[in-house]
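J.: What follows is target-v5.cif, made up of mmCIF, C-alpha atoms:
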```
data_upload
#
loop_
_atom_site.label_atom_id
_atom_site.label_comp_id
_atom_site.auth_asym_id
_atom_site.auth_seq_id
_atom_site.Cartn_x
_atom_site.Cartn_y
_atom_site.Cartn_z
CA GLN G 1 -2.48 10.63 -85.98
CA VAL G 2 -0.34 8.73 -83.51
CA ARG G 3 0.91 10.14 -80.26
CA LEU G 4 3.39 8.71 -77.76
CA VAL G 5 3.50 10.36 -74.34
CA GLU G 6 6.48 9.62 -72.14
CA SER G 7 6.95 10.33 -68.47
CA GLY G 8 9.22 9.49 -65.58
CA GLY G 9 12.49 11.15 -66.49
CA ASN G 10 14.24 12.96 -63.65
CA LEU G 11 17.48 13.75 -61.86
CA VAL G 12 18.65 10.93 -59.61
CA GLN G 13 21.81 10.02 -57.75
CA ALA G 14 23.98 7.12 -58.86
CA GLY G 15 22.59 3.87 -57.53
CA GLY G 16 19.05 5.16 -57.60
CA SER G 17 16.02 4.06 -59.59
CA LEU G 18 13.55 5.54 -62.05
CA ARG G 19 10.57 4.19 -63.92
CA LEU G 20 9.75 5.47 -67.38
CA SER G 21 6.30 5.11 -68.94
CA CYS G 22 5.10 5.59 -72.49
CA THR G 23 1.49 5.43 -73.65
CA ALA G 24 0.45 5.28 -77.28
CA SER G 25 -2.78 6.78 -78.57
CA GLY G 26 -4.38 7.43 -81.94
CA SER G 27 -4.52 5.34 -85.09
CA ILE G 28 -2.55 2.37 -83.89
CA PHE G 29 -4.17 -0.88 -84.88
CA SER G 30 -1.60 -3.58 -84.32
CA ILE G 31 1.53 -3.00 -82.30
CA ASN G 32 4.50 -5.23 -82.92
CA ALA G 33 7.39 -4.29 -80.69
CA MET G 34 7.65 -1.46 -78.21
CA GLY G 35 10.92 -0.19 -76.88
CA TRP G 36 13.18 2.44 -75.41
CA TYR G 37 16.16 4.11 -77.03
CA ARG G 38 18.49 6.75 -75.68
CA GLN G 39 20.68 9.43 -77.13
CA ALA G 40 23.39 11.33 -75.30
CA PRO G 41 24.86 14.58 -76.66
CA GLY G 42 27.20 13.91 -79.55
CA LYS G 43 26.27 10.24 -79.73
CA LEU G 44 24.03 8.14 -81.92
CA ARG G 45 20.66 6.98 -80.70
CA GLU G 46 20.97 3.46 -79.30
CA LEU G 47 18.59 0.72 -78.30
CA VAL G 48 18.17 0.28 -74.56
CA ALA G 49 15.47 -2.38 -74.45
CA SER G 50 12.57 -3.67 -76.51
CA ILE G 51 9.71 -6.08 -76.02
CA THR G 52 7.78 -8.02 -78.63
CA ARG G 53 4.00 -8.33 -78.84
CA ASP G 54 4.22 -11.69 -77.11
CA GLY G 55 6.32 -10.29 -74.28
CA ARG G 56 9.85 -11.31 -75.18
CA PRO G 57 12.37 -8.71 -73.96
CA ASN G 58 15.68 -7.73 -75.46
CA TYR G 59 18.30 -5.62 -73.68
CA ALA G 60 21.46 -3.78 -74.56
CA ASP G 61 24.46 -5.31 -72.83
CA ALA G 62 25.06 -2.10 -70.90
CA VAL G 63 21.74 -2.36 -69.05
CA LYS G 64 21.28 -6.11 -68.62
CA GLY G 65 20.55 -7.01 -65.03
CA ARG G 66 19.71 -3.41 -64.11
CA PHE G 67 16.81 -2.44 -66.37
CA THR G 68 13.51 -4.25 -66.91
CA ILE G 69 11.09 -3.57 -69.74
CA SER G 70 7.42 -4.50 -69.56
CA ARG G 71 4.22 -3.66 -71.39
CA ASP G 72 0.51 -3.47 -70.74
CA THR G 73 -1.06 -4.27 -74.08
CA SER G 74 -4.57 -3.24 -73.05
CA LYS G 75 -3.28 0.22 -72.09
CA ARG G 76 -0.85 0.50 -75.03
CA THR G 77 1.80 1.31 -72.48
CA VAL G 78 5.42 0.29 -72.15
CA TYR G 79 7.49 0.71 -69.00
CA LEU G 80 11.20 0.78 -68.28
CA GLN G 81 12.24 0.13 -64.70
CA MET G 82 15.79 1.37 -64.25
CA ASN G 83 17.71 0.31 -61.15
CA SER G 84 21.31 0.81 -60.06
CA LEU G 85 21.58 3.83 -62.31
CA LYS G 86 25.01 5.03 -63.34
CA PRO G 87 26.19 8.44 -64.57
CA GLU G 88 26.73 6.91 -68.00
CA ASP G 89 22.98 6.23 -68.18
CA THR G 90 22.44 9.98 -68.45
CA SER G 91 20.65 10.61 -71.71
CA VAL G 92 17.40 11.54 -73.38
CA TYR G 93 15.24 8.43 -73.48
CA TYR G 94 12.85 7.93 -76.40
CA CYS G 95 9.91 5.60 -76.62
CA ASN G 96 9.46 3.66 -79.85
CA VAL G 97 6.44 1.79 -81.13
CA ASN G 98 6.54 -0.36 -84.22
CA GLU G 99 3.11 -0.66 -85.78
CA ARG G 100 2.42 -3.47 -88.23
CA THR G 101 1.12 -1.28 -91.07
CA TYR G 102 2.64 2.14 -90.51
CA GLY G 103 6.07 1.36 -89.12
CA ASP G 104 7.89 3.25 -86.40
CA PHE G 105 6.64 6.04 -84.17
CA TRP G 106 8.68 8.01 -81.65
CA GLY G 107 7.97 9.92 -78.48
CA GLN G 108 9.33 13.38 -77.77
CA GLY G 109 11.94 12.13 -75.32
CA THR G 110 12.37 12.37 -71.56
CA GLN G 111 15.57 13.44 -69.84
CA VAL G 112 17.27 11.11 -67.39
CA THR G 113 20.21 12.58 -65.48
CA VAL G 114 22.26 10.50 -63.06
CA SER G 115 24.61 12.42 -60.78
CA SER G 116 27.74 10.86 -59.33
#
```
Can you present the structure in this file as structure tokens?
T.:
Amino acid sequence: QVRLVESGGNLVQAGGSLRLSCTASGSIFSINAMGWYRQAPGKLRELVASITRDGRPNYADAVKGRFTISRDTSKRTVYLQMNSLKPEDTSVYYCNVNERTYGDFWGQGTQVTVSS
């Protein structure tokens, strides 16, 4: 049993900041990448940012320079610092963990709403 618990979603004004957190627990033995995806109503789920087990980040073009992903391996936690938020960042944000043996796991999602 694997569980991902996300937190940090909220309503914020444009230009503001939020920090998302996701902690993995359960039968996870070797984590490869961890990341954040988002899905707005009527749209496909898209990658926001990911980070490899050795700490290399990858960002979607839309968030480069505004968002920063980091991880604490000992705590099985991944963070997403989101600055200079825009209304178009409004979405449900999902945590993803890729485990070496069992593949992908997903969190339940956390709502981020940016008002103009």
J.: Taking only C-alpha atoms into account, which of G:Thr68, G:Cys95, G:Val2, G:Gly42 comes nearest G:Gly109?
T.: G:Cys95
J.: Env of stretch 69-75 of chain G: 10 Å cut, atoms = all atoms listed in the file, seq-sep filter 3 positions within chain, self excluded. Answer as a VMD selection string.
T.: chain G and resid 19 to 25 31 33 to 36 48 to 59 78 to 82
J.: Name the residues that the PyMOL selection byres ((chain G and resi 39) around 10) picks from the file above, as a ChimeraX atom specification, using the file's chain letters and numbers.
T.: /G:37-38,40-48,89-94,109,111
J.: Would you work out the distance separating atom CA of G:Lys86 from atom CA of G:Ser115, expressed in Å to one decimal?
T.: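 Between these atoms lies a distance of 7.8 Å.
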J.: Would you compute the distance between atom CA of G:Arg100 and atom CA of G:Ala62? Give it in Å to one decimal.
T.: 28.5 Å
J.: Interatomic distance between atom CA of G:Val12 and atom CA of G:Gln108?
T.: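 Those two atoms sit 20.6 Å apart.
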J.: So, counting all atoms listed in the file, which residue among G:Thr101, G:Gln13, G:Ser27, G:Ser7 is closest to G:Pro87?
T.: G:Gln13
J.: Write out as a ChimeraX atom specification each polymer residue whose atoms come within 8 Å of G:Asn83, counting only C-alpha atoms; drop sequence neighbours fewer than 4 positions from it.
T.: /G:15-18,66-67
J.: Rank nothing, just name the residue among G:Thr110, G:Ser30, G:Thr77, G:Ser116 nearest to G:Asn98, using all atoms listed in the file.
T.: G:Ser30
J.: Given the choices G:Leu11, G:Asn32, G:Val5, G:Ser84, which gets closest to G:Asp104 if the distance is worked out from all atoms listed in the file?
T.: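 For G:Asp104, the nearest of the given residues is G:Asn32.
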J.: Let me make sure I understand: among G:Asn96, G:Glu88, G:Asp61, G:Glu6, which one has the smallest atom-to-atom distance to G:Val114 if we use all atoms listed in the file?
T.: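 Once distances to G:Val114 are computed over all atoms listed in the file, the minimum belongs to G:Glu88.
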J.: Around stretch 6-16 of chain G, fit a box with edges along x, y and z, padding it by 3 Å on each side, then list its centre and edge lengths in Å to one decimal as lines of an AutoDock Vina configuration file.
T.:
```
center_x = 15.2
center_y = 8.8
center_z = -64.8
size_x = 23.5
size_y = 15.9
size_z = 20.6
```
